[in-house]
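Participant: Dropping a structure here in C-alpha cells format, bear with me for questions.
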Amino acid sequence: MELEGRHVLVTGASRGIGASIAEAMAARGARITVVARSGDALAEVAARTGAVAITADLTDPEVLEGLLARVEAEAGPVDVLVNNAGVDSTGSLTAMTPDQVRRTIDLNLTAPVELTRRVIPGMVERGGGHIVNVSSLAGYGCLPGIGVYSATKSGLTHFTAALRAELRGLPVRTTVVEVGIVQPTDMAASGLAYPPFRDAWNRLKRLGIMRDVRLEQLTRAVVRAVERDRRHVRLPRRAFTLSALPEASRRTTEWLLTGVAPRVPPG
Ligand SMILES: NC(=O)c1ccc[n+]([C@@H]2O[C@H](COP(=O)([O-])OP(=O)(O)OC[C@H]3O[C@@H](n4cnc5c(N)ncnc54)[C@H](OP(=O)(O)O)[C@@H]3O)[C@@H](O)[C@H]2O)c1
C-alpha cells in the first residue's frame, strides 16, 4: 500500500519501536495517530510527526472498546493499524503478581485482537487496509523469564496467520513482525537486566543464531512490508530458520485449505 496520504494508527508510540515507526511512516507522507499512556512523551512524538495524539491505557476494557471510534472521530478512517504496544514483564514467573499477568495478556494479546476486530469492517468497506502486528521471536523461541510474554506473542503470531485465512479474498493485508532484541529500546534494557534471560540471549548470540537488531533497521523493514504487502518481517535474518519451522505447519494448513471458501462477511 502506498503510504502517502494514508491514515496510520500506531499503538505504543510514545517511545521505542512505535515512535520510530510513526516517524518513518510520517516521513513517507502518511497521516499518523499515536496512542500510549504517557501524554508528555506522546505530545513530543506528535510534534515531530504532525500526529494526532490520544492518551489511552489499552489494558482498560472500556478505553479499548471506545478507542477506534475515538480515533476515527478525531482523525478519520484508519488505513493502517500498527498493533505495537506491548510489555515484557521479564522475571521469574512465581514473582509475577496476578495484575502483571493480566496486564501483559491484555496489552499484548487482547488489545491487538480487539482493535483488529473493530478496524476490519471499515477497511473492507473502503476497499483496502493493512494490519501490522508487532510480535516477537519470543513467539517461537523459549527463553527463561518471559513465559507469559512468550505466550502472548505466540498467540499474536498465530492469530495473524489465522486472520489471513479469514481475510482471504478481502482487500485487507496483514504483516506479523517477528523480531529479536531491538536496540536501543527500554524493553531490551528491561529484559537483559534479568540474568537468566540475559545468559540465554548471550548464548544464542555466541552460537551465531541471534544478533541485536538496530531500531532503524526494524523500522525500515516494517515500512517496506506495508508498502510491498509483505506478510512477514523476520529479524535478525539469521534467525529465519527458527521462525520458519513453526510457520511451516501454518503454511501447510493454508495450502491444504486452498479452494475452501473462507470468507465470512465482516461486521
Ligand atoms: N524492544 C525489543 O527488543 C523488542 C523485541 C521484540 C518485540 N518487541 C515488541 O515491540 C513492541 C514495542 O516494544 P518497545 O521495545 O518499543 O517497548 P517500549 O520501549 O517499552 O515501548 C512500549 C510502548 O507501549 C506503550 N504502552 C505500554 N503499556 C501501555 C498501555 N497499558 N496502554 C497503551 N500503551 C502502552 C508505551 O507507552 P506508555 O508507557 O506511555 O503507555 C510505549 O509507547 C512491543 O510489542 C514488544 O513486545 C520489542
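Convention: chains lettered A, B, ... in C-alpha cells order; per-chain residue numbering from 1; ligands numbered from 1 as shown.
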Would you mind listing the residues within 8 Å of ligand 1, counting only C-alpha atoms and all ligand atoms, as a PyMOL selection string?

Facilitator: chain A and resi 11-19+35-39+41-42+55-60+83-88+103+107-108+134-138+149+153+177-188+191+213

Participant: Could you please take those selected residues and save C-alpha atoms as a short mmCIF file (atom, residue, chain, number, x, y, z; two decimals), in the first residue's frame?

Facilitator:
```cif
data_model
loop_
_atom_site.label_atom_id
_atom_site.label_comp_id
_atom_site.auth_asym_id
_atom_site.auth_seq_id
_atom_site.Cartn_x
_atom_site.Cartn_y
_atom_site.Cartn_z
CA THR A 11 -0.25 1.98 19.40
CA GLY A 12 2.55 2.24 21.95
CA ALA A 13 4.09 5.14 20.08
CA SER A 14 5.34 7.29 22.97
CA ARG A 15 8.85 5.79 22.63
CA GLY A 16 10.85 2.91 21.20
CA ILE A 17 9.67 0.94 18.19
CA GLY A 18 6.23 2.59 17.99
CA ALA A 19 7.64 6.14 17.97
CA VAL A 35 -1.62 6.13 21.22
CA ALA A 36 0.00 5.43 24.61
CA ARG A 37 -0.44 6.35 28.28
CA SER A 38 2.31 8.99 28.70
CA GLY A 39 0.78 12.25 27.49
CA ALA A 41 6.09 11.78 25.57
CA LEU A 42 3.24 11.28 23.14
CA THR A 55 -3.73 9.16 25.59
CA ALA A 56 -5.16 5.75 26.46
CA ASP A 57 -4.45 2.73 28.63
CA LEU A 58 -5.12 -0.24 26.36
CA THR A 59 -5.47 -2.61 29.29
CA ASP A 60 -8.65 -0.79 30.33
CA ASN A 83 -0.55 -3.02 16.91
CA ASN A 84 2.75 -2.27 18.60
CA ALA A 85 2.06 -1.51 22.29
CA GLY A 86 3.49 -4.23 24.48
CA VAL A 87 5.03 -5.01 27.82
CA ASP A 88 7.64 -7.69 28.56
CA ARG A 103 -1.97 -6.64 32.10
CA LEU A 107 -1.97 -5.38 26.37
CA ASN A 108 -0.04 -7.85 24.20
CA VAL A 134 4.33 -6.48 16.29
CA SER A 135 5.10 -9.89 17.70
CA SER A 136 8.50 -11.25 18.75
CA LEU A 137 10.95 -14.10 18.38
CA ALA A 138 9.62 -14.97 21.83
CA TYR A 149 5.20 -12.64 27.32
CA LYS A 153 3.47 -13.23 21.32
CA VAL A 177 6.75 -8.79 12.89
CA GLU A 178 8.93 -11.48 14.46
CA VAL A 179 11.99 -9.76 15.82
CA GLY A 180 14.68 -10.45 18.42
CA ILE A 181 16.16 -7.83 20.71
CA VAL A 182 15.95 -4.34 19.26
CA GLN A 183 18.46 -1.70 20.34
CA PRO A 184 18.18 0.86 21.71
CA THR A 185 14.83 0.30 23.49
CA ASP A 186 13.63 0.33 27.09
CA MET A 187 12.25 -3.17 26.62
CA ALA A 188 15.63 -4.57 25.60
CA GLY A 191 14.77 -7.92 29.51
CA VAL A 213 18.63 -5.60 15.61
#
```

Participant: For the strand (DSSP E) assignment from backbone DSSP, which residues of region 15-236 of chain A qualify? Please present them as a VMD selection string.

Facilitator: chain A and resid 31 to 36 52 to 55 80 to 83 129 to 134 172 to 179 182 to 183 213 to 214 232 to 235

Participant: Which residue is closest to Glu62 (chain A)? Choose from A:Glu74, A:Glu114, A:Glu44, A:Glu23 and count only C-alpha atoms.

Facilitator: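 Looking at the shortest contact to Glu62 (chain A), the residue is A:Glu114.
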
Participant: When you look at Val80 (chain A) with a cut-off of 10 Å (counting only C-alpha atoms), what residues show up, excluding the ones that are within fewer than 3 positions of it in the same chain? I need them as a short mmCIF file (atom, residue, chain, number, x, y, z; two decimals) with all heavy atoms, in the first residue's frame.

Facilitator:
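Saved as part12.cif:
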```cif
data_model
loop_
_atom_site.label_atom_id
_atom_site.label_comp_id
_atom_site.auth_asym_id
_atom_site.auth_seq_id
_atom_site.Cartn_x
_atom_site.Cartn_y
_atom_site.Cartn_z
N MET A 1 0.84 -1.20 0.00
CA MET A 1 0.00 0.00 0.00
C MET A 1 0.88 1.25 0.00
O MET A 1 1.82 1.34 0.78
CB MET A 1 -0.90 -0.01 1.26
CG MET A 1 -1.71 1.25 1.44
SD MET A 1 -2.51 1.33 3.05
CE MET A 1 -3.85 0.18 2.82
N LEU A 3 1.88 4.73 1.12
CA LEU A 3 1.60 5.34 2.42
C LEU A 3 1.20 6.81 2.33
O LEU A 3 0.55 7.34 3.23
CB LEU A 3 2.81 5.19 3.34
CG LEU A 3 2.92 3.81 4.01
CD1 LEU A 3 4.28 3.61 4.63
CD2 LEU A 3 1.82 3.60 5.04
N ARG A 6 -2.19 8.24 3.57
CA ARG A 6 -2.95 7.24 4.34
C ARG A 6 -2.94 7.59 5.82
O ARG A 6 -2.01 8.23 6.31
CB ARG A 6 -2.33 5.85 4.19
CG ARG A 6 -2.22 5.39 2.77
CD ARG A 6 -3.57 5.07 2.19
NE ARG A 6 -3.44 4.52 0.86
CZ ARG A 6 -4.39 3.90 0.20
NH1 ARG A 6 -5.59 3.78 0.75
NH2 ARG A 6 -4.18 3.42 -0.99
N HIS A 7 -3.97 7.12 6.53
CA HIS A 7 -4.04 7.35 7.97
C HIS A 7 -3.54 6.10 8.70
O HIS A 7 -4.13 5.02 8.56
CB HIS A 7 -5.48 7.68 8.37
CG HIS A 7 -5.65 7.92 9.84
ND1 HIS A 7 -6.85 7.75 10.48
CD2 HIS A 7 -4.77 8.32 10.78
CE1 HIS A 7 -6.70 8.03 11.77
NE2 HIS A 7 -5.45 8.37 11.97
N VAL A 8 -2.47 6.27 9.46
CA VAL A 8 -1.85 5.15 10.17
C VAL A 8 -2.03 5.33 11.67
O VAL A 8 -1.66 6.37 12.23
CB VAL A 8 -0.33 5.08 9.86
CG1 VAL A 8 0.31 3.88 10.57
CG2 VAL A 8 -0.08 4.99 8.36
N LEU A 9 -2.60 4.32 12.31
CA LEU A 9 -2.75 4.34 13.78
C LEU A 9 -1.67 3.44 14.38
O LEU A 9 -1.59 2.25 14.06
CB LEU A 9 -4.14 3.80 14.15
CG LEU A 9 -4.39 3.45 15.62
CD1 LEU A 9 -4.21 4.66 16.53
CD2 LEU A 9 -5.81 2.88 15.80
N VAL A 10 -0.82 4.04 15.23
CA VAL A 10 0.27 3.27 15.86
C VAL A 10 0.04 3.26 17.37
O VAL A 10 0.03 4.32 18.01
CB VAL A 10 1.66 3.88 15.57
CG1 VAL A 10 2.76 2.95 16.08
CG2 VAL A 10 1.85 4.18 14.10
N ALA A 30 2.45 9.73 5.32
CA ALA A 30 1.22 9.24 5.97
C ALA A 30 0.77 10.22 7.05
O ALA A 30 1.57 10.96 7.61
CB ALA A 30 1.47 7.87 6.58
N ILE A 32 -0.66 10.42 10.80
CA ILE A 32 -0.43 9.48 11.89
C ILE A 32 -1.32 9.81 13.10
O ILE A 32 -1.53 10.98 13.43
CB ILE A 32 1.05 9.56 12.36
CG1 ILE A 32 2.03 9.52 11.17
CG2 ILE A 32 1.36 8.47 13.38
CD1 ILE A 32 2.13 8.20 10.46
N PRO A 77 -10.96 7.74 9.04
CA PRO A 77 -10.85 6.29 8.95
C PRO A 77 -9.39 5.81 8.95
O PRO A 77 -8.53 6.46 8.36
CB PRO A 77 -11.50 5.95 7.61
CG PRO A 77 -12.31 7.13 7.25
CD PRO A 77 -11.68 8.32 7.90
N ASN A 83 -0.40 -2.56 15.53
CA ASN A 83 -0.55 -3.02 16.91
C ASN A 83 0.84 -3.25 17.48
O ASN A 83 1.42 -4.33 17.32
CB ASN A 83 -1.35 -4.33 16.93
CG ASN A 83 -2.83 -4.12 16.74
OD1 ASN A 83 -3.45 -3.29 17.41
ND2 ASN A 83 -3.42 -4.85 15.80
N VAL A 119 -11.43 -2.81 13.39
CA VAL A 119 -10.98 -2.00 12.25
C VAL A 119 -11.33 -2.66 10.91
O VAL A 119 -11.46 -1.97 9.89
CB VAL A 119 -9.45 -1.72 12.36
CG1 VAL A 119 -8.61 -2.85 11.79
CG2 VAL A 119 -9.07 -0.40 11.71
N MET A 123 -12.29 -1.13 6.85
CA MET A 123 -11.27 -1.32 5.81
C MET A 123 -11.87 -2.04 4.60
O MET A 123 -11.61 -1.68 3.45
CB MET A 123 -10.09 -2.14 6.36
CG MET A 123 -9.20 -1.36 7.32
SD MET A 123 -7.86 -2.43 7.94
CE MET A 123 -6.81 -1.22 8.74
N GLY A 128 -9.77 -1.36 1.24
CA GLY A 128 -8.35 -1.63 1.49
C GLY A 128 -7.94 -1.33 2.92
O GLY A 128 -8.55 -0.49 3.60
N GLY A 129 -6.90 -2.00 3.35
CA GLY A 129 -6.35 -1.76 4.69
C GLY A 129 -5.19 -2.68 4.96
O GLY A 129 -4.99 -3.66 4.22
N HIS A 130 -4.43 -2.36 5.97
CA HIS A 130 -3.27 -3.19 6.32
C HIS A 130 -3.14 -3.21 7.84
O HIS A 130 -3.24 -2.17 8.49
CB HIS A 130 -2.00 -2.61 5.67
CG HIS A 130 -0.88 -3.60 5.60
ND1 HIS A 130 -0.31 -4.00 4.42
CD2 HIS A 130 -0.22 -4.28 6.57
CE1 HIS A 130 0.65 -4.88 4.66
NE2 HIS A 130 0.73 -5.07 5.97
N ILE A 131 -2.93 -4.41 8.38
CA ILE A 131 -2.78 -4.56 9.83
C ILE A 131 -1.40 -5.13 10.11
O ILE A 131 -1.03 -6.18 9.56
CB ILE A 131 -3.87 -5.50 10.39
CG1 ILE A 131 -5.25 -4.87 10.17
CG2 ILE A 131 -3.64 -5.76 11.89
CD1 ILE A 131 -6.40 -5.84 10.28
N VAL A 132 -0.62 -4.42 10.94
CA VAL A 132 0.72 -4.88 11.32
C VAL A 132 0.67 -5.29 12.79
O VAL A 132 0.31 -4.48 13.65
CB VAL A 132 1.76 -3.75 11.17
CG1 VAL A 132 3.15 -4.22 11.61
CG2 VAL A 132 1.81 -3.23 9.73
N VAL A 172 -7.80 -6.71 2.70
CA VAL A 172 -7.07 -6.31 3.91
C VAL A 172 -5.85 -7.21 4.06
O VAL A 172 -5.98 -8.44 4.07
CB VAL A 172 -7.96 -6.40 5.17
CG1 VAL A 172 -7.18 -5.95 6.41
CG2 VAL A 172 -9.22 -5.57 5.00
N ARG A 173 -4.67 -6.60 4.15
CA ARG A 173 -3.42 -7.35 4.26
C ARG A 173 -2.94 -7.36 5.71
O ARG A 173 -3.32 -6.50 6.49
CB ARG A 173 -2.34 -6.70 3.37
CG ARG A 173 -2.75 -6.54 1.93
CD ARG A 173 -2.73 -7.87 1.17
NE ARG A 173 -3.35 -7.71 -0.13
CZ ARG A 173 -4.57 -8.16 -0.44
NH1 ARG A 173 -5.30 -8.80 0.45
NH2 ARG A 173 -5.08 -7.98 -1.65
N THR A 174 -2.08 -8.33 6.00
CA THR A 174 -1.51 -8.38 7.35
C THR A 174 0.01 -8.57 7.27
O THR A 174 0.52 -9.15 6.31
CB THR A 174 -2.07 -9.56 8.17
OG1 THR A 174 -1.66 -10.79 7.57
CG2 THR A 174 -3.57 -9.52 8.28
N VAL A 226 4.66 -2.85 4.65
CA VAL A 226 3.34 -2.27 4.34
C VAL A 226 3.30 -1.82 2.88
O VAL A 226 2.34 -2.10 2.17
CB VAL A 226 3.02 -1.09 5.30
CG1 VAL A 226 1.72 -0.40 4.89
CG2 VAL A 226 2.93 -1.59 6.74
#
```

Participant: How many Å lie between CA of Phe240 (chain A) and CA of Thr104 (chain A), rounded to one decimal?

Facilitator: 26.3 Å

Participant: For the structure I just gave you, how does DSSP split region 179-245 of chain A - specifically, which residues are alpha helix (DSSP H)? Reply as a PyMOL selection string.

Facilitator: chain A and resi 186-192+195-206+215-227+240-245

Participant: CA of Ser243 (chain A) to CA of Arg164 (chain A): how many Å, to one decimal?

Facilitator: 17.5 Å

Participant: CA of Val45 (chain A) to CA of Thr219 (chain A): how many Å, to one decimal?

Facilitator: 15.3 Å

Participant: Using only C-alpha atoms, find the one residue out of A:Leu245, A:Leu109, A:Leu115, A:Val223 that sits nearest to Leu67 (chain A).

Facilitator: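 Using only C-alpha atoms, Leu67 (chain A) sits closest to A:Leu115.
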
Participant: From the options A:Arg70, A:His158, A:Arg203, A:Arg220, which residue's atoms come nearest to Val113 (chain A), counting only C-alpha atoms?

Facilitator: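 The answer is A:His158, which sits nearest to Val113 (chain A).
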